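Enquirer: Dropping in upload_30.cif, with mmCIF, C-alpha atoms.
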data_data
loop_
_atom_site.label_atom_id
_atom_site.label_comp_id
_atom_site.auth_asym_id
_atom_site.auth_seq_id
_atom_site.Cartn_x
_atom_site.Cartn_y
_atom_site.Cartn_z
CA MET A 9 12.21 38.37 -3.11
CA GLU A 10 11.43 41.95 -2.07
CA ASN A 11 7.69 41.66 -1.48
CA ILE A 12 7.18 38.19 -0.04
CA LEU A 13 8.65 35.98 2.65
CA ILE A 14 8.99 32.20 2.42
CA ASP A 15 9.33 29.94 5.43
CA LYS A 16 9.83 26.20 4.99
CA SER A 17 9.56 23.67 7.80
CA ASP A 18 9.46 19.93 7.17
CA ASN A 19 6.75 19.37 4.55
CA LEU A 20 5.07 22.77 4.92
CA ALA A 21 5.82 26.15 3.35
CA ILE A 22 4.33 29.50 4.38
CA ILE A 23 4.30 32.38 1.90
CA THR A 24 3.71 35.79 3.47
CA ILE A 25 2.95 38.79 1.28
CA ASN A 26 5.07 41.42 2.95
CA ARG A 27 3.98 44.93 1.96
CA PRO A 28 2.34 46.06 5.22
CA GLU A 29 2.74 49.75 4.39
CA LYS A 30 0.52 49.12 1.32
CA LEU A 31 -1.77 46.69 3.18
CA ASN A 32 -0.09 43.98 1.09
CA ALA A 33 -1.64 45.29 -2.15
CA LEU A 34 -0.75 43.36 -5.28
CA ASN A 35 1.46 45.07 -7.84
CA LYS A 36 3.19 43.57 -10.88
CA ALA A 37 6.36 42.79 -8.95
CA THR A 38 4.48 40.99 -6.18
CA ILE A 39 2.44 38.95 -8.66
CA LEU A 40 5.65 37.87 -10.40
CA GLU A 41 7.36 37.00 -7.12
CA LEU A 42 4.33 34.97 -6.02
CA HIS A 43 4.38 33.09 -9.32
CA GLU A 44 8.05 32.26 -8.87
CA ALA A 45 7.52 31.21 -5.25
CA PHE A 46 4.59 28.94 -6.01
CA LYS A 47 6.44 27.36 -8.94
CA MET A 48 9.56 26.76 -6.83
CA LEU A 49 7.60 25.22 -3.95
CA ASN A 50 5.48 23.10 -6.27
CA ASP A 51 8.66 21.68 -7.79
CA ASP A 52 10.09 20.93 -4.33
CA ILE A 53 9.17 17.30 -3.63
CA ALA A 54 9.64 17.88 0.12
CA ILE A 55 6.80 20.43 0.26
CA LYS A 56 3.37 18.84 0.58
CA ALA A 57 1.25 21.89 1.51
CA ILE A 58 1.47 25.68 1.25
CA ILE A 59 -0.13 28.35 3.44
CA LEU A 60 -0.57 31.82 1.95
CA THR A 61 -1.10 34.82 4.24
CA GLY A 62 -0.39 38.53 4.59
CA SER A 63 1.96 40.35 6.95
CA GLY A 64 0.63 42.35 9.87
CA GLU A 65 -2.79 42.21 11.49
CA LYS A 66 -4.78 44.44 9.14
CA ALA A 67 -4.79 42.80 5.74
CA PHE A 68 -4.36 39.61 3.79
CA VAL A 69 -4.30 41.62 0.57
CA ALA A 70 -6.26 44.87 0.44
CA GLY A 71 -6.48 44.91 -3.35
CA ALA A 72 -4.44 45.71 -6.42
CA ASP A 73 -2.08 48.65 -6.80
CA ILE A 74 -4.43 50.97 -8.70
CA SER A 75 -1.69 53.45 -9.55
CA GLU A 76 -0.17 50.88 -11.91
CA PHE A 77 -3.18 50.73 -14.25
CA ALA A 78 -5.16 53.94 -13.75
CA ASN A 79 -4.16 55.22 -17.21
CA PHE A 80 -4.39 51.94 -19.14
CA SER A 81 -6.13 51.64 -22.51
CA VAL A 82 -8.71 48.97 -23.38
CA SER A 83 -6.08 46.64 -24.83
CA GLU A 84 -3.71 47.22 -21.91
CA GLY A 85 -6.49 46.44 -19.43
CA GLY A 86 -7.29 43.17 -21.20
CA LYS A 87 -3.64 42.17 -21.24
CA LEU A 88 -3.33 43.01 -17.53
CA ALA A 89 -6.16 40.62 -16.63
CA ALA A 90 -4.98 37.87 -18.97
CA LYS A 91 -1.38 38.00 -17.77
CA GLY A 92 -2.37 38.14 -14.10
CA GLN A 93 -4.67 35.15 -14.41
CA GLU A 94 -2.00 33.16 -16.24
CA LEU A 95 0.86 34.03 -13.89
CA LEU A 96 -0.90 33.77 -10.55
CA PHE A 97 -4.62 33.16 -10.16
CA ASP A 98 -5.15 30.26 -12.57
CA PHE A 99 -1.65 29.06 -11.74
CA VAL A 100 -2.49 28.75 -8.02
CA GLN A 101 -5.85 27.13 -8.68
CA ASN A 102 -4.22 24.42 -10.78
CA LEU A 103 -1.17 23.93 -8.58
CA THR A 104 -0.74 20.26 -7.67
CA THR A 105 0.43 21.19 -4.16
CA PRO A 106 -2.57 22.20 -1.99
CA VAL A 107 -2.69 25.89 -1.07
CA LEU A 108 -4.54 27.15 2.02
CA ALA A 109 -5.32 30.86 2.28
CA ALA A 110 -5.04 32.18 5.86
CA VAL A 111 -7.05 35.39 5.51
CA ASN A 112 -5.84 37.71 8.26
CA GLY A 113 -7.87 40.89 7.76
CA PHE A 114 -8.95 42.70 4.59
CA ALA A 115 -9.19 40.59 1.43
CA LEU A 116 -10.51 43.02 -1.15
CA GLY A 117 -10.49 43.07 -4.93
CA GLY A 118 -7.44 41.18 -6.15
CA GLY A 119 -6.86 40.04 -2.59
CA LEU A 120 -10.16 38.18 -2.43
CA GLU A 121 -9.56 36.89 -5.94
CA LEU A 122 -6.22 35.49 -4.78
CA ALA A 123 -7.79 33.88 -1.72
CA MET A 124 -10.47 32.33 -3.92
CA ALA A 125 -7.82 30.92 -6.27
CA CYS A 126 -6.39 28.96 -3.32
CA HIS A 127 -7.83 25.52 -2.73
CA PHE A 128 -9.67 26.62 0.40
CA ARG A 129 -9.73 29.44 2.91
CA ILE A 130 -9.48 30.00 6.68
CA ALA A 131 -10.32 33.46 8.02
CA SER A 132 -9.60 35.39 11.19
CA THR A 133 -12.58 36.88 13.02
CA ASN A 134 -11.58 40.38 11.93
CA ALA A 135 -11.45 39.48 8.23
CA LYS A 136 -13.46 41.56 5.76
CA MET A 137 -13.96 40.45 2.17
CA GLY A 138 -15.34 42.08 -0.93
CA LEU A 139 -14.95 42.95 -4.60
CA PRO A 140 -15.26 46.76 -4.77
CA GLU A 141 -14.11 47.15 -8.39
CA VAL A 142 -17.35 48.72 -9.67
CA THR A 143 -16.64 51.76 -7.46
CA LEU A 144 -13.67 52.36 -9.80
CA GLY A 145 -15.69 51.88 -12.97
CA VAL A 146 -14.26 48.43 -13.66
CA ILE A 147 -15.12 44.80 -12.82
CA PRO A 148 -13.07 42.07 -11.14
CA GLY A 149 -10.51 40.91 -13.69
CA TYR A 150 -8.53 38.21 -11.95
CA GLY A 151 -11.27 35.58 -11.99
CA GLY A 152 -13.48 37.16 -9.34
CA THR A 153 -16.75 37.08 -11.29
CA GLN A 154 -16.28 33.36 -11.92
CA ARG A 155 -14.83 32.02 -8.68
CA LEU A 156 -17.11 34.02 -6.38
CA THR A 157 -20.14 32.70 -8.26
CA GLN A 158 -18.82 29.14 -8.00
CA LEU A 159 -18.29 29.49 -4.25
CA VAL A 160 -21.31 31.47 -3.04
CA GLY A 161 -23.85 31.18 -5.86
CA LYS A 162 -25.06 33.57 -8.55
CA GLY A 163 -27.39 35.71 -6.45
CA ARG A 164 -24.92 36.43 -3.67
CA ALA A 165 -22.09 37.03 -6.14
CA MET A 166 -24.25 39.47 -8.08
CA GLU A 167 -25.12 41.36 -4.89
CA MET A 168 -21.54 41.48 -3.57
CA ILE A 169 -20.13 42.69 -6.89
CA MET A 170 -22.90 45.17 -7.76
CA THR A 171 -23.09 46.75 -4.29
CA ALA A 172 -19.30 46.61 -3.78
CA SER A 173 -20.09 45.73 -0.17
CA MET A 174 -17.74 44.00 2.22
CA ILE A 175 -18.86 40.99 4.23
CA ASP A 176 -17.41 39.93 7.57
CA ALA A 177 -15.94 36.56 8.46
CA SER A 178 -19.21 35.27 9.89
CA ALA A 179 -21.07 36.00 6.66
CA ALA A 180 -18.22 34.53 4.62
CA LEU A 181 -18.52 31.31 6.61
CA HIS A 182 -22.31 31.29 6.16
CA TYR A 183 -21.91 31.84 2.40
CA GLY A 184 -19.35 29.04 2.08
CA LEU A 185 -16.64 31.46 1.00
CA VAL A 186 -14.39 30.27 3.84
CA ASN A 187 -14.15 26.89 5.54
CA HIS A 188 -13.31 28.05 9.07
CA VAL A 189 -13.19 31.22 11.18
CA VAL A 190 -10.83 31.52 14.15
CA GLU A 191 -9.34 34.29 16.28
CA GLN A 192 -6.46 36.04 14.54
CA ALA A 193 -3.95 34.88 17.16
CA GLU A 194 -4.91 31.28 16.32
CA LEU A 195 -5.08 31.65 12.53
CA LEU A 196 -1.66 30.36 11.52
CA SER A 197 -1.57 27.59 14.11
CA PHE A 198 -5.02 26.42 13.01
CA ALA A 199 -3.95 26.51 9.36
CA LYS A 200 -0.85 24.52 10.26
CA GLU A 201 -2.99 21.89 11.99
CA ILE A 202 -5.04 21.39 8.83
CA ALA A 203 -1.90 21.39 6.70
CA ALA A 204 -0.41 18.71 8.96
CA LYS A 205 -3.40 16.47 8.25
CA ILE A 206 -2.88 17.02 4.53
CA THR A 207 0.85 16.29 4.58
CA LYS A 208 0.23 12.87 6.14
CA ASN A 209 -1.64 11.78 3.03
CA SER A 210 -0.54 10.86 -0.47
CA SER A 211 0.67 13.94 -2.36
CA THR A 212 0.24 12.04 -5.61
CA ALA A 213 -3.39 11.30 -4.86
CA ILE A 214 -4.05 14.85 -3.65
CA ALA A 215 -2.62 16.28 -6.89
CA LYS A 216 -4.93 14.06 -8.91
CA ALA A 217 -7.90 14.99 -6.72
CA ILE A 218 -7.20 18.69 -7.37
CA LYS A 219 -7.23 18.04 -11.12
CA ALA A 220 -10.50 16.11 -10.92
CA ILE A 221 -12.27 18.69 -8.74
CA ASN A 222 -11.12 21.61 -10.92
CA ALA A 223 -12.38 19.79 -14.02
CA ASN A 224 -15.95 20.29 -12.78
CA PHE A 225 -15.57 24.02 -13.43
CA GLU A 226 -13.98 23.83 -16.88
CA ASP A 227 -16.26 24.46 -19.84
CA GLY A 228 -16.47 21.50 -22.21
CA THR A 229 -14.74 19.16 -19.76
CA ASN A 230 -16.40 16.01 -18.45
CA GLY A 231 -15.38 16.04 -14.79
CA TYR A 232 -16.51 12.46 -14.27
CA GLN A 233 -14.23 11.30 -17.08
CA VAL A 234 -11.30 13.26 -15.61
CA GLU A 235 -12.02 11.58 -12.28
CA ILE A 236 -12.02 8.15 -13.90
CA GLU A 237 -8.70 8.82 -15.64
CA ASN A 238 -7.01 10.13 -12.50
CA PHE A 239 -8.48 7.36 -10.35
CA GLY A 240 -7.02 4.80 -12.73
CA ALA A 241 -3.67 6.57 -12.84
CA CYS A 242 -3.36 6.24 -9.07
CA PHE A 243 -3.10 2.47 -9.42
CA GLY A 244 0.29 2.85 -11.08
CA THR A 245 1.86 4.91 -8.29
CA ASP A 246 4.12 3.96 -5.42
CA ASP A 247 1.74 5.76 -3.08
CA PHE A 248 -1.10 3.41 -4.02
CA LYS A 249 1.11 0.41 -3.33
CA GLU A 250 2.17 1.84 0.03
CA GLY A 251 -1.33 2.94 1.01
CA THR A 252 -3.03 -0.37 0.25
CA THR A 253 -0.19 -2.41 1.74
CA ALA A 254 -0.29 -0.38 4.94
CA PHE A 255 -4.05 -0.81 5.18
CA LEU A 256 -3.80 -4.59 4.77
CA GLU A 257 -0.94 -4.74 7.27
CA LYS A 258 -2.94 -2.62 9.73
CA ARG A 259 -0.32 0.13 9.99
CA LYS A 260 -0.10 3.80 9.03
CA ALA A 261 1.07 4.50 5.51
CA ASN A 262 4.48 6.12 5.09
CA PHE A 263 4.23 8.16 1.91
CA LYS A 264 7.45 9.50 0.43
#
What is this file in structure tokens?
Expert:
Amino acid sequence: MENILIDKSDNLAIITINRPEKLNALNKATILELHEAFKMLNDDIAIKAIILTGSGEKAFVAGADISEFANFSVSEGGKLAAKGQELLFDFVQNLTTPVLAAVNGFALGGGLELAMACHFRIASTNAKMGLPEVTLGVIPGYGGTQRLTQLVGKGRAMEMIMTASMIDASAALHYGLVNHVVEQAELLSFAKEIAAKITKNSSTAIAKAIKAINANFEDGTNGYQVEIENFGACFGTDDFKEGTTAFLEKRKANFK
């Protein structure tokens, strides 16, 4: 891996996008490395939560590497968006291992789209977020028009995208774009505290909860039915047996 760092400790993995000289901008190589890292960690039964962040103190991800697509044709542009969504953004959203974005500075364009693909977000007080694509004569192409609307509502998404304006961490918290805001020095430790709470719980149940919640945003999918199916499936798992037995025995569950 040339563009990312992976640190594993117990049940937690931290992925750091490591292109500080480019403010951690996403290029094709980084997107591919991130895909491979997320797939590897999702397949690792020891890993029960993943934190995604950027290196340095300035940026989570400051956007996409514009030089890679400045001369693309219509068909090439469409393929770029489709491939990126498949490899990374949709892939992260549907990952069965929970992913927390620790937004440590600028999250712009593809950077904000990546943060929004994570299951939830924590921001440092110096974070700035926005989708400035219309200043380049293009629109967000990695799911930004959809996920931003889902998170902050149609009116605010329209304004953010059409004005290309950045919002600060306080506004992002007010909008519901992030769950928490903390000082940058505390960002990773705070994210680890939340991850520790997650890793104590049933990974099997969490994976099924992710599927059920995501179903609410899929066209033509009955989210309630997906919930029913995944709820029922839990009854056939070892985690359900351990969780209910521990409750009845008045002890803490020990999930594998």
Enquirer: Determine, using only C-alpha atoms, which residues of range 165-210 of chain A have any atom at most 8 Å from an atom of range 46-70 of chain A, and tabulate each with its shortest atom pair and distance in Å to one decimal place, rows ordered by chain and then rising number, as a tab-separated table.
Expert:
residue	atom	partner	partner_atom	distance
A:Gln192	CA	A:Glu65	CA	7.8
A:Ala199	CA	A:Ile59	CA	7.3
A:Lys200	CA	A:Ile59	CA	7.9
A:Ala203	CA	A:Ala57	CA	6.1
A:Ile206	CA	A:Ala57	CA	7.1
A:Thr207	CA	A:Lys56	CA	5.4
Enquirer: For Phe239 in chain A, please output as a PyMOL selection string all residues within 12 Å (counting all atoms listed in the file; exclusion window: fewer than 2 positions along the same chain).
Expert: chain A and resi 212-220+231-237+241-245+248
Enquirer: What is the distance between CA of Ser75 in chain A and CA of Thr24 in chain A, in Å to one decimal?
Expert: 22.6 Å
Enquirer: Kindly indicate which residue among A:Thr253, A:Glu191, A:Ser211, A:Gly149 lies nearest to Val111 in chain A, using all atoms listed in the file for the distances.
Expert: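 With all atoms listed in the file as the atom set, the closest residue is A:Glu191.
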Enquirer: Have a look at A:Pro106, A:Leu185, A:Ala72, A:Ala180 and name the one nearest to Met124 in chain A; count only C-alpha atoms.
Expert: A:Leu185
Enquirer: If the PyMOL selection byres ((chain A and resi 113-123) around 8) were run on this exact file, what residues would it hold? Put them as JSON, numbers by chain.
Expert: {"A": [33, 34, 65, 66, 67, 68, 69, 70, 71, 72, 97, 109, 111, 112, 124, 125, 126, 128, 129, 131, 132, 134, 135, 136, 137, 138, 139, 140, 141, 148, 150, 151, 152, 155]}
Enquirer: For Thr252 in chain A, which of A:Asn230, A:Ser210, A:Asn238, A:Ser197 is the closest residue, counting all atoms listed in the file?
Expert: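 Smallest separation from Thr252 in chain A among the options: A:Ser210.
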Enquirer: Which value, in Å to one decimal, gives the distance between CA of Gln158 in chain A and CA of Lys91 in chain A?
Expert: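 Answer for the CA of Gln158 in chain A to CA of Lys91 in chain A separation: 21.9 Å.
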Enquirer: The PyMOL selection byres ((chain A and resi 95) around 9) - which residues does that actually catch in the file I just gave you? List them as JSON, numbers by chain.
Expert: {"A": [39, 40, 42, 43, 44, 90, 91, 92, 93, 94, 96, 97, 98, 99, 100]}
Enquirer: One decimal, Å: what's the distance from CA of Ala223 in chain A over to CA of Gln101 in chain A, could you say?
Expert: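 Value for the CA of Ala223 in chain A-CA of Gln101 in chain A distance: 11.2 Å.
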Enquirer: Around all the atoms of range 169-173 of chain A listed in the file, draw an axis-aligned box and extend it by 6 Å on each of the six sides; I want its centre and edge lengths in Å to one decimal, as JSON.
Expert:
{"center_x": -21.2, "center_y": 44.7, "center_z": -4.0, "size_x": 15.8, "size_y": 16.1, "size_z": 19.6}
Enquirer: For Ala193 in chain A, which residue out of A:Gly228, A:Thr133, A:Ile221, A:Phe255 is the nearest one, using only C-alpha atoms?
Expert: A:Thr133
Enquirer: Which one is closest to Ser17 in chain A: A:Ala204, A:Thr229, A:Gly184, A:Asn222? Count only C-alpha atoms.
Expert: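 For Ser17 in chain A, the nearest of the given residues is A:Ala204.
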Enquirer: Can you take the partial range 10-31 of chain A, add N, CA, C and O atoms, and return it as a PDB file, keeping the file's coordinate frame?
Expert:
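Result file out-v2.pdb:
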ATOM      1  N   GLU A  10      11.557  40.695  -2.810  1.00  0.00           N
ATOM      2  CA  GLU A  10      11.430  41.950  -2.070  1.00  0.00           C
ATOM      3  C   GLU A  10      10.065  42.103  -1.410  1.00  0.00           C
ATOM      4  O   GLU A  10       9.924  42.845  -0.439  1.00  0.00           O
ATOM      5  N   ASN A  11       9.056  41.420  -1.942  1.00  0.00           N
ATOM      6  CA  ASN A  11       7.690  41.660  -1.480  1.00  0.00           C
ATOM      7  C   ASN A  11       7.047  40.475  -0.772  1.00  0.00           C
ATOM      8  O   ASN A  11       5.915  40.601  -0.281  1.00  0.00           O
ATOM      9  N   ILE A  12       7.729  39.354  -0.722  1.00  0.00           N
ATOM     10  CA  ILE A  12       7.180  38.190  -0.040  1.00  0.00           C
ATOM     11  C   ILE A  12       8.246  37.513   0.805  1.00  0.00           C
ATOM     12  O   ILE A  12       9.447  37.664   0.565  1.00  0.00           O
ATOM     13  N   LEU A  13       7.780  36.779   1.806  1.00  0.00           N
ATOM     14  CA  LEU A  13       8.650  35.980   2.650  1.00  0.00           C
ATOM     15  C   LEU A  13       8.262  34.520   2.486  1.00  0.00           C
ATOM     16  O   LEU A  13       7.074  34.199   2.351  1.00  0.00           O
ATOM     17  N   ILE A  14       9.251  33.637   2.529  1.00  0.00           N
ATOM     18  CA  ILE A  14       8.990  32.200   2.420  1.00  0.00           C
ATOM     19  C   ILE A  14       9.633  31.495   3.604  1.00  0.00           C
ATOM     20  O   ILE A  14      10.822  31.672   3.870  1.00  0.00           O
ATOM     21  N   ASP A  15       8.823  30.708   4.298  1.00  0.00           N
ATOM     22  CA  ASP A  15       9.330  29.940   5.430  1.00  0.00           C
ATOM     23  C   ASP A  15       9.004  28.469   5.193  1.00  0.00           C
ATOM     24  O   ASP A  15       7.839  28.119   4.973  1.00  0.00           O
ATOM     25  N   LYS A  16      10.015  27.630   5.202  1.00  0.00           N
ATOM     26  CA  LYS A  16       9.830  26.200   4.990  1.00  0.00           C
ATOM     27  C   LYS A  16      10.186  25.434   6.252  1.00  0.00           C
ATOM     28  O   LYS A  16      11.232  25.677   6.850  1.00  0.00           O
ATOM     29  N   SER A  17       9.313  24.518   6.641  1.00  0.00           N
ATOM     30  CA  SER A  17       9.560  23.670   7.800  1.00  0.00           C
ATOM     31  C   SER A  17       8.996  22.292   7.525  1.00  0.00           C
ATOM     32  O   SER A  17       7.776  22.139   7.315  1.00  0.00           O
ATOM     33  N   ASP A  18       9.860  21.302   7.496  1.00  0.00           N
ATOM     34  CA  ASP A  18       9.460  19.930   7.170  1.00  0.00           C
ATOM     35  C   ASP A  18       8.755  19.910   5.818  1.00  0.00           C
ATOM     36  O   ASP A  18       9.317  20.303   4.825  1.00  0.00           O
ATOM     37  N   ASN A  19       7.487  19.502   5.805  1.00  0.00           N
ATOM     38  CA  ASN A  19       6.750  19.370   4.550  1.00  0.00           C
ATOM     39  C   ASN A  19       5.843  20.559   4.251  1.00  0.00           C
ATOM     40  O   ASN A  19       5.055  20.522   3.302  1.00  0.00           O
ATOM     41  N   LEU A  20       5.955  21.620   5.046  1.00  0.00           N
ATOM     42  CA  LEU A  20       5.070  22.770   4.920  1.00  0.00           C
ATOM     43  C   LEU A  20       5.841  24.032   4.560  1.00  0.00           C
ATOM     44  O   LEU A  20       6.918  24.280   5.091  1.00  0.00           O
ATOM     45  N   ALA A  21       5.253  24.842   3.669  1.00  0.00           N
ATOM     46  CA  ALA A  21       5.820  26.150   3.350  1.00  0.00           C
ATOM     47  C   ALA A  21       4.768  27.219   3.626  1.00  0.00           C
ATOM     48  O   ALA A  21       3.576  27.014   3.385  1.00  0.00           O
ATOM     49  N   ILE A  22       5.210  28.347   4.151  1.00  0.00           N
ATOM     50  CA  ILE A  22       4.330  29.500   4.380  1.00  0.00           C
ATOM     51  C   ILE A  22       4.845  30.660   3.547  1.00  0.00           C
ATOM     52  O   ILE A  22       6.002  31.055   3.666  1.00  0.00           O
ATOM     53  N   ILE A  23       3.986  31.182   2.678  1.00  0.00           N
ATOM     54  CA  ILE A  23       4.300  32.380   1.900  1.00  0.00           C
ATOM     55  C   ILE A  23       3.564  33.547   2.543  1.00  0.00           C
ATOM     56  O   ILE A  23       2.345  33.506   2.717  1.00  0.00           O
ATOM     57  N   THR A  24       4.301  34.590   2.882  1.00  0.00           N
ATOM     58  CA  THR A  24       3.710  35.790   3.470  1.00  0.00           C
ATOM     59  C   THR A  24       3.928  36.968   2.538  1.00  0.00           C
ATOM     60  O   THR A  24       5.075  37.294   2.205  1.00  0.00           O
ATOM     61  N   ILE A  25       2.848  37.575   2.095  1.00  0.00           N
ATOM     62  CA  ILE A  25       2.950  38.790   1.280  1.00  0.00           C
ATOM     63  C   ILE A  25       3.328  39.917   2.229  1.00  0.00           C
ATOM     64  O   ILE A  25       2.610  40.212   3.188  1.00  0.00           O
ATOM     65  N   ASN A  26       4.455  40.542   1.966  1.00  0.00           N
ATOM     66  CA  ASN A  26       5.070  41.420   2.950  1.00  0.00           C
ATOM     67  C   ASN A  26       5.181  42.859   2.435  1.00  0.00           C
ATOM     68  O   ASN A  26       6.267  43.374   2.173  1.00  0.00           O
ATOM     69  N   ARG A  27       4.025  43.502   2.304  1.00  0.00           N
ATOM     70  CA  ARG A  27       3.980  44.930   1.960  1.00  0.00           C
ATOM     71  C   ARG A  27       3.023  45.628   2.938  1.00  0.00           C
ATOM     72  O   ARG A  27       2.010  46.209   2.531  1.00  0.00           O
ATOM     73  N   PRO A  28       3.307  45.554   4.239  1.00  0.00           N
ATOM     74  CA  PRO A  28       2.340  46.060   5.220  1.00  0.00           C
ATOM     75  C   PRO A  28       2.028  47.537   5.067  1.00  0.00           C
ATOM     76  O   PRO A  28       0.904  47.967   5.367  1.00  0.00           O
ATOM     77  N   GLU A  29       2.985  48.319   4.566  1.00  0.00           N
ATOM     78  CA  GLU A  29       2.740  49.750   4.390  1.00  0.00           C
ATOM     79  C   GLU A  29       1.709  50.017   3.294  1.00  0.00           C
ATOM     80  O   GLU A  29       1.090  51.076   3.247  1.00  0.00           O
ATOM     81  N   LYS A  30       1.512  49.030   2.397  1.00  0.00           N
ATOM     82  CA  LYS A  30       0.520  49.120   1.320  1.00  0.00           C
ATOM     83  C   LYS A  30      -0.644  48.159   1.573  1.00  0.00           C
ATOM     84  O   LYS A  30      -1.412  47.853   0.655  1.00  0.00           O
ATOM     85  N   LEU A  31      -0.772  47.706   2.826  1.00  0.00           N
ATOM     86  CA  LEU A  31      -1.770  46.690   3.180  1.00  0.00           C
ATOM     87  C   LEU A  31      -1.670  45.475   2.258  1.00  0.00           C
ATOM     88  O   LEU A  31      -2.663  44.860   1.887  1.00  0.00           O
TER      89      LEU A  31
END
